[in-house]
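**Q** Handing you a structure now.
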Amino acid sequence: MSAPQLPGHPHVHYQQDQLQVEGCDLGELASLHGTPLFVYSKASMLDALAAYQRGFAGRNARVCYAMKANSSLAILQLFAKAGCGFDIVSGGELARVLAAGAQADKVIFSGVGKTRTEMAVALKAGIGCFNVESEAEIDVLNEVALGLNLQAPISIRVNPNVDPKTHPYISTGLKGNKFGIAHERTLMTYQRAAALPGLKVVGIDCHIGSQITEETPYLDAMDRMLDLVESIEAAGIPIHHIDFGGGLGINYNGDTPPAADALWHKLLVKLDARGFGQRQLMIEPGRSLVGNAGVCVTEVLYMKPGEQKNFCIVDAAMNDLPRPAMYQAFHTIVPLQYSPAQPSTEVFDVVGPVCESGDWIGHDRALAVKAGDRLAVLSAGAYCMSMSSNYNSRSKAAEILVDGTNSHLIRQRDEFADQIRGEKLL
Ligand SMILES: *Cc1c(COP(=O)(O)O)cnc(C)c1O
């Protein structure tokens, strides 16, 4: 038997039965830097971006990387150099992306709870657009801008009431969600915003959810958005750009999302047919740019057979990989060393050391492992490190960016001093 292919992970593969990311051996990286360890493929990120760029070739379009998916500085720098703008959701993300060398005017600021301080900092930095999410926020942003003698460029985030057919926690464009302004109130809200001197309407935006694996929700949302643009412009308010959000899924477990270029080919046909093909377009992909570029390498600490379940206890946990605990998410788990002799496998729950029953990484996985072996948790590039915490006073993992046969340490493992910085004894 030869080592399995890993579909959906083009730069993660077995080379003589050892798992590699591009030309770097993961076992060697783990020995050098310890575990748990995040390892990312630069080529995978740039390939994912290139699929969008191909899809938009010849159009007036901008990819704004939704940096909450993975906000490590070197990754932001990589996307900034590749020409991306950024979708941010906090003042912290603004500071981070500017520290990574991004241009402020290519930054768009989303999120339902922007504070006055965050608004002021973003206005002074000269960001490209605020994606406003409520009528109350419109008034506050107007006030803050007038106080600074500035005008805030805005688009209104519309809730198109389209079902993205994904997990409820990552669906954002349905009526019951906290995001955006209801479709029916959109025109009215645009008219109010256009009358305020501290605001300048520049666009419209939506984002219907995450890990979307079908094209229909995008096509439906686009129709609803274009209907709105027509009615807003008929009311005399020009819409310079249309932002279709992010949300395209990746292959975690046999998922088959459309390729970014194929999806956008279809969407552009619709845009052209409706006469919007030359409009400035924005998109905000996060997961689909980084998710399958990353793996998390972990070491098996103990095998713990039980009456009802066997447990494989590893040194990565829910503080490193929060997605299973948060949304019962699936990550493929494979050994770093493939054994062609096909030793007998058993079924295990792969769990971490954190004192919570919710601390699991994979349920019912068939593995042939023993203590001391190393495993790779795949699809760990998005919403893992950026969601990680110090729960159980665990230190945050280190991160490596691989570029061919070179590897760069882009985040050193936290030391204990990093954890208690800012804390004071009585
Ligand atoms: C999270 C988010 C995105 C990115 O979503 P992905 O599923 O990672 O592509 C884009 N836009 C907004 C407003 C978001 O909140």
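Residues are named by chain letter and number: chains run A, B, ... in the order of the structure tokens, numbers start at 1 in each chain, and ligands are numbered from 1 in the order shown.
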Would you kindly return, as a PyMOL selection string, each protein, DNA or RNA residue with an atom no farther than 9 Å from any atom of Phe416 of chain A, considering only C-alpha atoms and excluding same-chain residues fewer than 5 positions away?

**A** chain A and resi 393-395+421

**Q** Neighbouring residues of ligand 1 are defined here as those with any atom at most 10 Å from a ligand atom, counting only C-alpha atoms and all ligand atoms; list them as a PyMOL selection string.

**A** chain A and resi 64-70+86-89+108-112+131+133+157+170-172+179-180+205-212+243-250+283-291+382-383

**Q** Between A:Leu301, A:Ala74, A:Ile181, A:Leu19, which one has atoms that come closest to Ala376 of chain A, using only C-alpha atoms?

**A**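 Smallest distance to Ala376 of chain A is found for A:Leu19.
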
**Q** Among the residues of segment 123-174 of chain A, find those DSSP assigns to strand (DSSP E) from the backbone and print them as a list in words.

**A**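 Checking each residue of segment 123-174 of chain A, the strand (DSSP E) ones are Cys129, Phe130, Asn131, Val132, Ala152, Pro153, Ile154, Ser155, Ile156, Arg157, Val158 and Asn159 of chain A.
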
**Q** Could you name the residues that touch Ala398 of chain A at 10 Å or less, counting only C-alpha atoms, but leaving out those on the same chain fewer than 5 positions away, as a list in words?

**A**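 My list of contacting residues is His33, Gly34, Thr35, Pro36, Leu37, Phe38, Val39, Cys296, Met385, Leu409, Ile410, Arg411, Gln412, Arg413 and Asp414 of chain A.
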
**Q** I need the residue nearest Gly236 of chain A from this list: A:Val201, A:Val369, A:Met282, A:Ala221. Use only C-alpha atoms for the distance.

**A**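 Using only C-alpha atoms, Gly236 of chain A sits closest to A:Val201.
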
**Q** Find, counting only C-alpha atoms, the residue in A:Asp261, A:Glu299, A:Asp320, A:Glu118 that gets nearest to Phe56 of chain A.

**A**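 So, comparing all the options, the nearest one is A:Asp261.
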
**Q** Give me the residues near segment 350-365 of chain A as a list of chain:residue names, where near means some atom within 8 Å (using only C-alpha atoms) and where sequence neighbours in that chain fewer than 5 positions away do not count.

**A**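 Counting only the stated atoms, we get A:Phe311, A:Cys312, A:Ile313, A:Val314, A:Asp315, A:Ala316, A:Ala317, A:Met318, A:Asn319, A:Leu321, A:Pro324, A:Ala325, A:Phe330, A:His331, A:Thr332, A:Ile333, A:Tyr391, A:Asn392.
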
**Q** Show me, as a list in words, the residues that have an atom within 8 Å of Val140 of chain A when counting only C-alpha atoms, minus same-chain residues fewer than 4 positions from it.

**A**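 Counting only the stated atoms, we get Arg116, Ala136 and Val144 of chain A.
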